[in-house]
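Just below is one structure, and these are the notes that go with it.
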Amino acid sequence: RLIREGSGGEPAPVVQAGLAACENAISINPASATAHARMANLRLVHGQIREEKGENPLAIYRQVLDAAAYAMQLNPDRPLPYMVSGTASQRIALYQLNYTQENPREALARAGEFYQQVIERDKDRRDVYNELGNVYSIRGEYTAGQGDGDPMPDLLKAVDYYKAGLNMRPNEPVMLSNLGFNYTIIADWLIAQKRDPDEWFDKAFAVYDQILQRNPDMMLAQINVASTAFHRGNYVMSIGGDPTPWWRQAVNAFNKVLEGDPKDQMALAGLAGVRSAQAGQLQSSDKVVARAQQAIEASDKANAIRPTADVYAYKARALLILAQHETSNTAASALRRQAQQASRKALDLSPGHKEAKAQLVKNGNAQ
């Protein structure tokens with residue numbers, strides 16, 4: 001709620017009031033570990049507000065680390081500054097991964113070290129096990145994407161941490177949802193290795209069913225269901241099967257999220273991906289055009305909220321499909337130019353984006 005109250009990248013009024021209170025406390029007692037730890041925590045919220053608004057939060061997150069480090073010096077036994085530092089380091093890693101194309105491994109390693117320090121001081125704090133699971137899941141997914149190592153040790157370690165947290169609080173929905181999507185990452189890796197992923201897809205859906213029986217409107221679980229169904233449909237198509245049921249399940253789940261929040265960027269982005277995939281697989285020209293147009297509409301909405309390379313690539317894919325079904329050479333050329341622009345925007349955000357590179361080659365040959 002506080003993050004969504006922010007405006008123009010500035011903290012919400014209550015966060016400003018909190019920062020001012022911490023500054024007052026520090027001016028009265030510069031050695032107050034509590035005040036420095038709370039200052040770090042509030043700056044973390046400030047950084048998340050910046051990120052929500054599409055601004056670069058890295059300077060704020062580094063201020064978080066500085067304030068938390070001083071709090072640790074003043075009172076090394078308190079878990080809060082270590083937890084805040086772990087979260088800030090993890091946010092830095094995610095921003096590097098998604099926006100700056102820097103290697104996030106160093107920041108993820110720092111996050112893991114900070115979270116381990118929390119466990120040493122409070123081994124019963126279940127949320128830290130979820131965050132450690134996230135750290136290893138992100139690192140494993142990054143390794144899988146880079147192709148420079150075996151991601152399975154990290155991905156299986158993530159499973160262990162999620163399960164350790166769930167032992168403390170069975171059926172905790174966020175942790176279960178993260179566990180389910182980690183299973184999907186494992187399935188994707190096995191697909192890339194030409195191995196059977198079905199066991200891990202089944203595990204993912206079993207976890208999601210467990211969540212949705214208790215929390216049928218949980219948006220994160222619905223997004224993960226949709227994403228996993230999309231991935232499984234892509235795999236089924238790659239081995240000559242019919243992806244339609246899986247893609248339909250994905251569309252239904254993404255649309256359920258959008259009924260609750262029409263501006264959910266992840267749901268819009270996922271819907272753009274599924275619709276563009278459907279457009280490439282359908283035979284009826286009318287249905288192809290309808291799905292491609294839906295993909296473009298969802299892409300534009302998602303990118304208006306937070307632009308990503310994948311979504312620009314989905315848009316380019318849909319535009320190229322429309323160009324193939326356009327009877328007017330002039331209109332087809334215009335669509336190919338738009339596709340080229342979308343592919344270049346994808347590469348601006350992620351220079352190594354494989355699909356965007358392939359689209360530019362294909363588009364150039366078509367013209």
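The way I read the labels, and the way they are meant: chains A, B, ... in the order of the structure tokens, residue 1 as the first residue of every chain, and ligand 1 as the first ligand shown, with later ones counted on from there.
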Excluding Val118 in chain A and residues on its chain fewer than 5 positions from it, collect all residues at most 12 Å away from it, counting only C-alpha atoms, and give them as a ChimeraX atom specification. /A:72,76-87,111-113,123-129,131-132
Just N, CA and C atoms for this one: save the residues we selected as a PDB file, in the first residue's frame.
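Done, and the output landed in selection_38.pdb:
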ATOM      1  N   MET A  72      24.305  -2.476  12.194  1.00  0.00           N
ATOM      2  CA  MET A  72      24.958  -3.734  12.589  1.00  0.00           C
ATOM      3  C   MET A  72      26.157  -3.467  13.487  1.00  0.00           C
ATOM      4  N   PRO A  76      25.270  -5.748  16.755  1.00  0.00           N
ATOM      5  CA  PRO A  76      25.422  -6.856  15.807  1.00  0.00           C
ATOM      6  C   PRO A  76      24.472  -8.025  16.052  1.00  0.00           C
ATOM      7  N   ASP A  77      23.729  -7.997  17.152  1.00  0.00           N
ATOM      8  CA  ASP A  77      22.870  -9.132  17.492  1.00  0.00           C
ATOM      9  C   ASP A  77      21.441  -8.987  16.973  1.00  0.00           C
ATOM     10  N   ARG A  78      21.088  -7.823  16.466  1.00  0.00           N
ATOM     11  CA  ARG A  78      19.706  -7.587  16.039  1.00  0.00           C
ATOM     12  C   ARG A  78      19.516  -8.099  14.613  1.00  0.00           C
ATOM     13  N   PRO A  79      18.476  -8.904  14.325  1.00  0.00           N
ATOM     14  CA  PRO A  79      18.314  -9.470  12.970  1.00  0.00           C
ATOM     15  C   PRO A  79      17.816  -8.478  11.921  1.00  0.00           C
ATOM     16  N   LEU A  80      17.090  -7.409  12.324  1.00  0.00           N
ATOM     17  CA  LEU A  80      16.453  -6.537  11.340  1.00  0.00           C
ATOM     18  C   LEU A  80      17.412  -5.968  10.301  1.00  0.00           C
ATOM     19  N   PRO A  81      18.551  -5.359  10.676  1.00  0.00           N
ATOM     20  CA  PRO A  81      19.399  -4.779   9.621  1.00  0.00           C
ATOM     21  C   PRO A  81      19.946  -5.813   8.646  1.00  0.00           C
ATOM     22  N   TYR A  82      20.148  -7.053   9.100  1.00  0.00           N
ATOM     23  CA  TYR A  82      20.610  -8.099   8.192  1.00  0.00           C
ATOM     24  C   TYR A  82      19.495  -8.462   7.205  1.00  0.00           C
ATOM     25  N   MET A  83      18.257  -8.521   7.712  1.00  0.00           N
ATOM     26  CA  MET A  83      17.126  -8.832   6.845  1.00  0.00           C
ATOM     27  C   MET A  83      16.938  -7.736   5.793  1.00  0.00           C
ATOM     28  N   VAL A  84      17.013  -6.488   6.238  1.00  0.00           N
ATOM     29  CA  VAL A  84      16.856  -5.365   5.310  1.00  0.00           C
ATOM     30  C   VAL A  84      17.976  -5.368   4.272  1.00  0.00           C
ATOM     31  N   SER A  85      19.196  -5.664   4.712  1.00  0.00           N
ATOM     32  CA  SER A  85      20.330  -5.709   3.779  1.00  0.00           C
ATOM     33  C   SER A  85      20.176  -6.840   2.765  1.00  0.00           C
ATOM     34  N   GLY A  86      19.659  -7.977   3.216  1.00  0.00           N
ATOM     35  CA  GLY A  86      19.412  -9.076   2.292  1.00  0.00           C
ATOM     36  C   GLY A  86      18.390  -8.702   1.235  1.00  0.00           C
ATOM     37  N   THR A  87      17.316  -8.022   1.667  1.00  0.00           N
ATOM     38  CA  THR A  87      16.279  -7.622   0.721  1.00  0.00           C
ATOM     39  C   THR A  87      16.806  -6.582  -0.263  1.00  0.00           C
ATOM     40  N   ALA A 111      23.126 -11.178  -0.694  1.00  0.00           N
ATOM     41  CA  ALA A 111      21.789 -11.370  -0.120  1.00  0.00           C
ATOM     42  C   ALA A 111      21.739 -12.669   0.679  1.00  0.00           C
ATOM     43  N   GLY A 112      22.259 -13.741   0.095  1.00  0.00           N
ATOM     44  CA  GLY A 112      22.267 -15.021   0.794  1.00  0.00           C
ATOM     45  C   GLY A 112      23.036 -14.960   2.097  1.00  0.00           C
ATOM     46  N   GLU A 113      24.172 -14.261   2.100  1.00  0.00           N
ATOM     47  CA  GLU A 113      24.976 -14.134   3.325  1.00  0.00           C
ATOM     48  C   GLU A 113      24.215 -13.365   4.402  1.00  0.00           C
ATOM     49  N   LYS A 123      16.441 -18.271  14.194  1.00  0.00           N
ATOM     50  CA  LYS A 123      16.260 -19.427  13.307  1.00  0.00           C
ATOM     51  C   LYS A 123      14.796 -19.772  13.052  1.00  0.00           C
ATOM     52  N   ASP A 124      13.890 -19.184  13.840  1.00  0.00           N
ATOM     53  CA  ASP A 124      12.458 -19.478  13.663  1.00  0.00           C
ATOM     54  C   ASP A 124      11.746 -18.443  12.795  1.00  0.00           C
ATOM     55  N   ARG A 125      12.488 -17.542  12.184  1.00  0.00           N
ATOM     56  CA  ARG A 125      11.860 -16.523  11.346  1.00  0.00           C
ATOM     57  C   ARG A 125      11.620 -17.120   9.964  1.00  0.00           C
ATOM     58  N   ARG A 126      10.371 -17.526   9.694  1.00  0.00           N
ATOM     59  CA  ARG A 126      10.087 -18.313   8.493  1.00  0.00           C
ATOM     60  C   ARG A 126      10.258 -17.513   7.204  1.00  0.00           C
ATOM     61  N   ASP A 127      10.032 -16.172   7.250  1.00  0.00           N
ATOM     62  CA  ASP A 127      10.111 -15.409   6.001  1.00  0.00           C
ATOM     63  C   ASP A 127      11.507 -15.423   5.408  1.00  0.00           C
ATOM     64  N   VAL A 128      12.530 -15.599   6.253  1.00  0.00           N
ATOM     65  CA  VAL A 128      13.887 -15.593   5.725  1.00  0.00           C
ATOM     66  C   VAL A 128      14.152 -16.858   4.897  1.00  0.00           C
ATOM     67  N   TYR A 129      13.480 -17.958   5.229  1.00  0.00           N
ATOM     68  CA  TYR A 129      13.640 -19.182   4.432  1.00  0.00           C
ATOM     69  C   TYR A 129      13.029 -18.988   3.046  1.00  0.00           C
ATOM     70  N   GLU A 131      12.919 -16.105   1.488  1.00  0.00           N
ATOM     71  CA  GLU A 131      13.835 -15.236   0.745  1.00  0.00           C
ATOM     72  C   GLU A 131      15.089 -15.990   0.305  1.00  0.00           C
ATOM     73  N   LEU A 132      15.582 -16.894   1.139  1.00  0.00           N
ATOM     74  CA  LEU A 132      16.728 -17.706   0.713  1.00  0.00           C
ATOM     75  C   LEU A 132      16.341 -18.606  -0.457  1.00  0.00           C
TER      76      LEU A 132
END
Contacts of Ala292 in chain A at 6 Å or less, counting only C-alpha atoms, minus same-chain residues fewer than 4 places along, as a list in words?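 So, after excluding close chain neighbours, the residues are Ser276, Ala279 and Ala318 of chain A.
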Near-range 22-38 of chain A list (8 Å; only C-alpha atoms; drop same-chain fewer than 3 positions) as a list in words: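 Final neighbour list, sorted by chain and number: Gly18, Leu19, Asn41, Leu42, Ala67, Ala68, Tyr70, Ala71, Met72, Leu74, Asn75, Leu80 and Pro81 of chain A.
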CA of Leu360 in chain A and CA of Arg275 in chain A are how many Å apart? 20.5 Å
Taking only range 204-300 of chain A into account, list the residues labelled helix (DSSP H, G or I) by DSSP (computed from the backbone), as a PyMOL selection string. chain A and resi 204-214+219-238+244-260+265-281+285-300
Shortest interatomic distance to Trp247 in chain A - which of A:Ala267, A:Val135, A:Leu212, A:Val274, counting only C-alpha atoms: A:Val274
Selection near Thr184 in chain A, 10 Å with only C-alpha atoms, sequence-local residues under 3 positions removed, as a ChimeraX atom specification: /A:178-181,187-190,197-198,200-205,224-225,227-229,231-232
How would the residues just picked look written out with C-alpha atoms as a short mmCIF file (atom, residue, chain, number, x, y, z; two decimals), in the first residue's frame?
data_model
loop_
_atom_site.label_atom_id
_atom_site.label_comp_id
_atom_site.auth_asym_id
_atom_site.auth_seq_id
_atom_site.Cartn_x
_atom_site.Cartn_y
_atom_site.Cartn_z
CA ASN A 178 7.33 -19.57 -5.11
CA LEU A 179 8.02 -23.29 -4.68
CA GLY A 180 5.66 -24.09 -7.53
CA PHE A 181 7.29 -21.68 -9.91
CA ALA A 187 11.05 -28.15 -15.92
CA ASP A 188 12.25 -25.46 -18.35
CA TRP A 189 15.86 -26.43 -17.71
CA LEU A 190 15.12 -30.09 -18.39
CA PRO A 197 9.98 -32.20 -17.66
CA ASP A 198 6.53 -33.66 -16.91
CA TRP A 200 8.24 -31.15 -12.41
CA PHE A 201 5.32 -29.57 -14.24
CA ASP A 202 3.04 -31.97 -12.31
CA LYS A 203 4.66 -30.94 -9.03
CA ALA A 204 4.13 -27.28 -9.87
CA PHE A 205 0.44 -27.72 -10.61
CA ASN A 224 2.17 -18.70 -11.71
CA VAL A 225 -0.52 -21.15 -12.87
CA SER A 227 2.92 -18.95 -16.66
CA THR A 228 3.43 -22.65 -15.99
CA ALA A 229 0.55 -23.59 -18.31
CA HIS A 231 5.46 -23.01 -20.64
CA ARG A 232 3.94 -26.49 -20.66
#
Just the residues within 9 Å of Ala339 in chain A, please, counting only C-alpha atoms, with nothing from its chain fewer than 3 positions along; format it as a list in words. Tyr312, Ala313, Lys315, Ala316, Arg317, Ala318, Leu319, Leu320, Ala334, Leu335, Arg336, Ala342, Ser343, Arg344, Gln359, Leu360 and Asn363 of chain A
Separation of CA of Ser328 in chain A and CA of Gln293 in chain A, in Å?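 Separation between CA of Ser328 in chain A and CA of Gln293 in chain A: 17.1 Å.
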Hey, what's within 8 Å of Asn171 in chain A if we count only C-alpha atoms and toss same-chain stuff fewer than 4 positions away? As a ChimeraX atom specification, please? /A:166,176,210-211
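Nearest residue to Pro104 in chain A, choosing from A:Asp217, A:Glu141, A:Asp310, A:Asp66 and counting only C-alpha atoms: A:Glu141.
For the residues A:Ser177, A:Ser238, A:Gln101, A:Asn252, ranking by smallest atom-to-atom distance to Leu220 in chain A using only C-alpha atoms places A:Ser177 first.
Going from CA of Gly165 in chain A to CA of Gln116 in chain A covers 13.6 Å.
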Between A:Ser89, A:Gln278, A:Ser285, A:Thr244, which has the minimum distance to Val64 in chain A (counting only C-alpha atoms)?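 Checking each candidate against Val64 in chain A, we get A:Ser89 as the closest.
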Pick out the closest residue to Asn134 in chain A from this set: A:Asn167, A:Gln338, A:Gln90, A:Asn329. Count only C-alpha atoms.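 Using only C-alpha atoms, Asn134 in chain A sits closest to A:Gln90.
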Using only C-alpha atoms, which of the listed residues (A:Gly273, A:His325, A:Ala69, A:Ala250) sits closest to Lys287 in chain A?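 Residue with the minimum atom-to-atom distance to Lys287 in chain A: A:His325.
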